[in-house]
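A.B. asks: My structure file upload.cif, mmCIF, C-alpha atoms, is below:
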```cif
data_target
#
loop_
_atom_site.label_atom_id
_atom_site.label_comp_id
_atom_site.auth_asym_id
_atom_site.auth_seq_id
_atom_site.Cartn_x
_atom_site.Cartn_y
_atom_site.Cartn_z
CA MET F 1 28.26 4.43 -7.52
CA ARG F 2 26.88 3.93 -11.02
CA HIS F 3 25.86 7.12 -12.83
CA MET F 4 22.29 6.91 -14.13
CA PRO F 5 21.28 8.93 -17.20
CA PRO F 6 18.89 11.80 -16.31
CA GLN F 7 15.96 10.20 -18.16
CA ALA F 8 16.24 7.06 -15.95
CA MET F 9 16.23 8.94 -12.65
CA VAL F 10 13.25 8.97 -10.33
CA PRO F 11 11.64 12.43 -10.51
CA GLN F 12 12.10 14.71 -7.45
CA GLY F 13 8.59 16.23 -7.45
CA PHE F 14 5.35 14.87 -8.84
CA VAL F 15 1.73 13.90 -8.36
CA MET F 16 0.63 10.84 -10.35
CA ALA F 17 -1.79 7.94 -10.36
CA MET F 18 -0.76 4.32 -10.23
CA ARG F 19 -2.63 1.11 -10.76
CA ALA F 20 -1.46 -1.23 -8.04
CA SER F 21 -1.88 -4.69 -6.63
CA LEU F 22 -2.35 -4.82 -2.86
CA ALA F 23 -2.09 -8.05 -0.86
CA GLU F 24 -2.76 -8.26 2.88
CA ALA F 25 -1.76 -10.80 5.53
CA SER F 26 -1.97 -11.09 9.27
CA TYR F 27 0.33 -8.81 11.26
CA ASP F 28 2.50 -11.69 12.52
CA ALA F 29 2.55 -13.78 9.32
CA PRO F 30 3.34 -11.52 6.35
CA HIS F 31 4.45 -14.56 4.34
CA ARG F 32 0.83 -15.81 4.28
CA GLN F 33 -0.62 -13.04 2.14
CA GLY F 34 -3.99 -13.31 0.47
CA LEU F 35 -4.77 -12.77 -3.18
CA PRO F 36 -3.79 -9.31 -4.38
CA LEU F 37 -6.55 -6.83 -5.20
CA ALA F 38 -6.32 -4.10 -7.83
CA GLU F 39 -6.25 -0.61 -6.32
CA TRP F 40 -5.77 2.98 -7.50
CA LEU F 41 -3.03 4.96 -5.78
CA ILE F 42 -2.10 8.62 -5.91
CA LEU F 43 1.61 9.18 -5.32
CA CYS F 44 3.02 12.57 -4.44
CA ARG F 45 6.69 13.39 -3.91
CA TRP F 46 7.66 16.78 -2.61
CA GLY F 47 10.08 18.71 -0.39
CA ALA F 48 13.15 20.83 -1.09
CA GLU F 49 15.11 17.63 -1.81
CA GLY F 50 12.23 15.31 -2.73
CA GLU F 51 12.37 13.93 0.80
CA TYR F 52 8.65 13.21 1.28
CA LEU F 53 6.45 10.65 -0.44
CA THR F 54 2.76 10.07 0.12
CA ILE F 55 1.05 6.92 -1.11
CA ALA F 56 -2.70 7.45 -1.02
CA GLN F 57 -5.11 4.59 -1.53
CA ALA F 58 -7.86 5.94 -3.76
CA GLY F 59 -10.22 3.00 -4.31
CA ALA F 60 -10.63 -0.28 -6.14
CA ALA F 61 -9.30 -0.40 -9.72
CA GLU F 62 -11.93 -2.10 -11.82
CA GLY F 63 -11.85 -3.06 -15.47
CA PRO F 64 -8.93 -3.98 -17.69
CA ALA F 65 -5.35 -3.41 -16.53
CA ASP F 66 -4.87 -0.61 -19.08
CA ALA F 67 -8.04 1.28 -18.09
CA PRO F 68 -7.32 4.94 -17.19
CA PRO F 69 -7.83 6.18 -13.62
CA PRO F 70 -11.30 7.58 -12.93
CA LEU F 71 -11.67 11.37 -13.12
CA GLY F 72 -12.78 11.72 -9.49
CA LEU F 73 -9.75 9.93 -8.03
CA ARG F 74 -9.03 11.25 -4.52
CA PRO F 75 -7.02 10.14 -1.48
CA ARG F 76 -8.78 8.03 1.13
CA THR F 77 -6.02 6.53 3.29
CA THR F 78 -2.48 7.92 3.03
CA PHE F 79 0.95 6.56 4.00
CA LEU F 80 3.87 8.95 4.50
CA GLY F 81 7.41 8.03 3.43
CA LEU F 82 10.61 9.81 4.49
CA ARG F 83 13.50 9.45 2.04
CA LEU F 84 16.40 7.29 3.15
CA ALA F 85 20.01 8.17 2.36
CA GLY F 86 21.98 5.72 0.32
CA GLY F 87 22.72 4.62 -3.15
CA GLY F 88 21.59 1.79 -5.29
CA GLU F 89 18.87 1.62 -7.86
CA GLY F 90 15.77 3.74 -7.32
CA GLU F 91 14.84 5.80 -4.27
CA SER F 92 13.91 4.37 -0.86
CA PHE F 93 11.51 5.81 1.72
CA LEU F 94 10.91 4.71 5.30
CA LEU F 95 7.18 4.65 6.10
CA ALA F 96 6.18 6.69 9.15
CA ARG F 97 4.17 5.69 12.20
CA TYR F 98 3.58 9.36 13.08
CA LEU F 99 3.23 12.54 11.05
CA PRO F 100 5.98 15.09 11.71
CA ALA F 101 4.79 18.07 13.80
CA GLY F 102 2.78 20.52 11.72
CA MET F 103 2.43 18.20 8.71
CA ALA F 104 -0.89 17.08 7.28
CA VAL F 105 -1.68 14.67 4.44
CA ALA F 106 -4.71 14.34 2.18
CA GLY F 107 -7.12 11.63 3.32
CA THR F 108 -6.77 9.74 6.58
CA PHE F 109 -3.14 9.25 7.69
CA GLN F 110 -2.25 5.53 7.88
CA PRO F 111 0.51 4.87 10.43
CA SER F 112 2.80 2.09 9.25
CA ASP F 113 6.22 0.48 9.66
CA GLY F 114 7.69 -0.38 6.30
CA ILE F 115 9.56 0.70 3.23
CA ALA F 116 8.64 2.04 -0.20
CA ARG F 117 10.89 2.08 -3.26
CA LEU F 118 10.45 4.02 -6.50
CA PHE F 119 12.10 2.93 -9.75
CA GLY F 120 12.44 4.42 -13.21
CA PRO F 121 11.77 7.65 -15.01
CA ALA F 122 8.46 9.52 -14.67
CA SER F 123 7.04 7.95 -17.85
CA ALA F 124 7.43 4.43 -16.44
CA LEU F 125 7.55 5.01 -12.68
CA ARG F 126 7.12 1.88 -10.57
CA LEU F 127 6.47 1.44 -6.83
CA GLU F 128 7.24 -1.46 -4.51
CA ALA F 129 6.16 -1.11 -0.88
CA ALA F 130 5.60 -3.41 2.09
CA GLY F 131 4.86 -2.88 5.73
CA ARG F 132 2.82 -3.56 8.83
CA SER F 133 0.11 -1.39 10.28
CA ALA F 134 -1.45 -1.50 13.72
CA PHE F 135 -3.80 1.29 14.71
CA ARG F 136 -6.84 2.41 16.67
CA ARG F 137 -9.57 4.45 15.00
CA GLY F 138 -10.83 7.72 16.44
CA LEU F 139 -12.55 10.93 15.40
CA GLY F 140 -10.87 14.30 15.14
CA GLU F 141 -11.98 17.73 13.97
CA ALA F 142 -11.40 16.79 10.32
CA GLY F 143 -12.91 13.27 10.52
CA GLU F 144 -11.37 9.85 11.07
CA VAL F 145 -7.92 9.60 12.63
CA ARG F 146 -5.78 6.50 13.04
CA ILE F 147 -3.50 6.24 16.05
CA ASP F 148 -0.46 3.96 15.95
CA VAL F 149 -0.49 0.97 18.33
CA PRO F 150 3.13 -0.03 19.02
CA ASP F 151 2.37 -3.51 20.43
CA PRO F 152 -0.88 -4.81 18.91
CA SER F 153 -2.77 -7.75 20.33
CA LEU F 154 -2.71 -10.88 18.20
CA GLY F 155 -5.57 -11.24 15.77
CA GLY F 156 -6.56 -7.58 16.07
CA ALA F 157 -8.80 -6.44 13.20
CA GLU F 158 -6.77 -3.22 12.83
CA ALA F 159 -3.37 -4.95 12.68
CA LEU F 160 -2.12 -6.34 9.38
CA SER F 161 0.84 -6.63 7.07
CA TRP F 162 0.65 -5.70 3.41
CA ARG F 163 2.56 -5.56 0.16
CA MET F 164 1.84 -3.39 -2.87
CA GLU F 165 3.28 -2.94 -6.33
CA GLY F 166 2.20 -0.11 -8.59
CA TRP F 167 2.77 1.24 -12.10
CA ARG F 168 2.17 4.74 -13.41
CA ALA F 169 -1.14 5.25 -15.18
CA PRO F 170 -1.54 8.43 -17.29
CA TRP F 171 -4.00 10.67 -15.45
CA LEU F 172 -5.63 14.05 -15.98
CA GLY F 173 -4.55 15.18 -12.46
CA GLU F 174 -0.87 14.34 -13.03
CA PHE F 175 1.83 16.92 -12.31
CA LEU F 176 5.58 16.61 -12.82
CA ALA F 177 7.90 19.29 -11.42
CA PRO F 178 10.68 20.41 -13.75
CA ARG F 179 14.14 19.13 -12.86
CA GLU F 180 16.57 21.66 -11.47
CA PRO F 181 19.50 22.31 -13.82
CA PRO F 182 22.81 20.96 -12.49
CA PRO F 183 25.02 23.56 -10.72
CA HIS F 184 27.80 25.02 -12.84
#
```
Could you show the structure in this file as structure tokens?

C.D. replies:
Amino acid sequence: MRHMPPQAMVPQGFVMAMRASLAEASYDAPHRQGLPLAEWLILCRWGAEGEYLTIAQAGAAEGPADAPPPLGLRPRTTFLGLRLAGGGEGESFLLARYLPAGMAVAGTFQPSDGIARLFGPASALRLEAAGRSAFRRGLGEAGEVRIDVPDPSLGGAEALSWRMEGWRAPWLGEFLAPREPPPH
């Protein structure tokens, strides 16, 4: 396994904004995606070993590509990723169809099958993610809930595939956890 210098490693704990492109397609034909739309994301990685990743959609990104995120950026719909073991470049996360017992996320949880990958140091963090979502909407005590549908009907309005790519955008709400010193 190739040793990466510490400055090139994906950070283990953070909250940051990303400007992303999001393209959707039908559930059964992900290769027929539509034109990508610009979207703001809020990424958060946490856990004792950096094992959790949330990708929160936070609204349309308008204006030039280098425009800063709006001050009131907040999660609307949130995907949960669980870190996968393995080597290679970057860090990989398997997207979850269900929240683990006792876990909550900001915004409305979006059940999904898919994968997310993070690349680079914090200053230039990049995201690549793709998946399929099929869900039913409902109301819970805290508002909208989305319930995974394991075998969606064809052409269902709540079943789609998607692909997103994102790049870090400096943001007032950003937080980067300090790296643990290596054991002696």

A.B. asks: Applying 6 Å and only C-alpha atoms, which residues near stretch 45-57 of chain F remain after dropping the ones on its own chain fewer than 5 positions away? List them as a PyMOL selection string.

C.D. replies: chain F and resi 12-14+75-83

A.B. asks: Kindly resolve the PyMOL selection byres ((chain F and resi 60-73) around 8) on the present coordinates and return the residues as an NGL selection string.

C.D. replies: :F and (17 or 19 or 37-40 or 58-59 or 74-75 or 169-172)

A.B. asks: Using atom CA of F:Ile115 and atom CA of F:Ser92 as the two end points, give the distance in Å to one decimal.

C.D. replies: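 Atom CA of F:Ile115 sits 7.0 Å away from atom CA of F:Ser92.
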
A.B. asks: Just the number, please: distance in Å from atom CA of F:Gly131 to atom CA of F:Met164, one decimal.

C.D. replies: 9.1 Å

A.B. asks: Quick one: pull the distance between atom CA of F:Arg32 and atom CA of F:Gly90, Å, one decimal.

C.D. replies: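 Atom CA of F:Gly90 lies 27.2 Å from atom CA of F:Arg32.
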
A.B. asks: Which is closer to F:Ser21 than all the others in F:Leu118, F:Leu176, F:Ala85, F:Ala130, using all atoms listed in the file?

C.D. replies: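 Closest candidate: F:Ala130.
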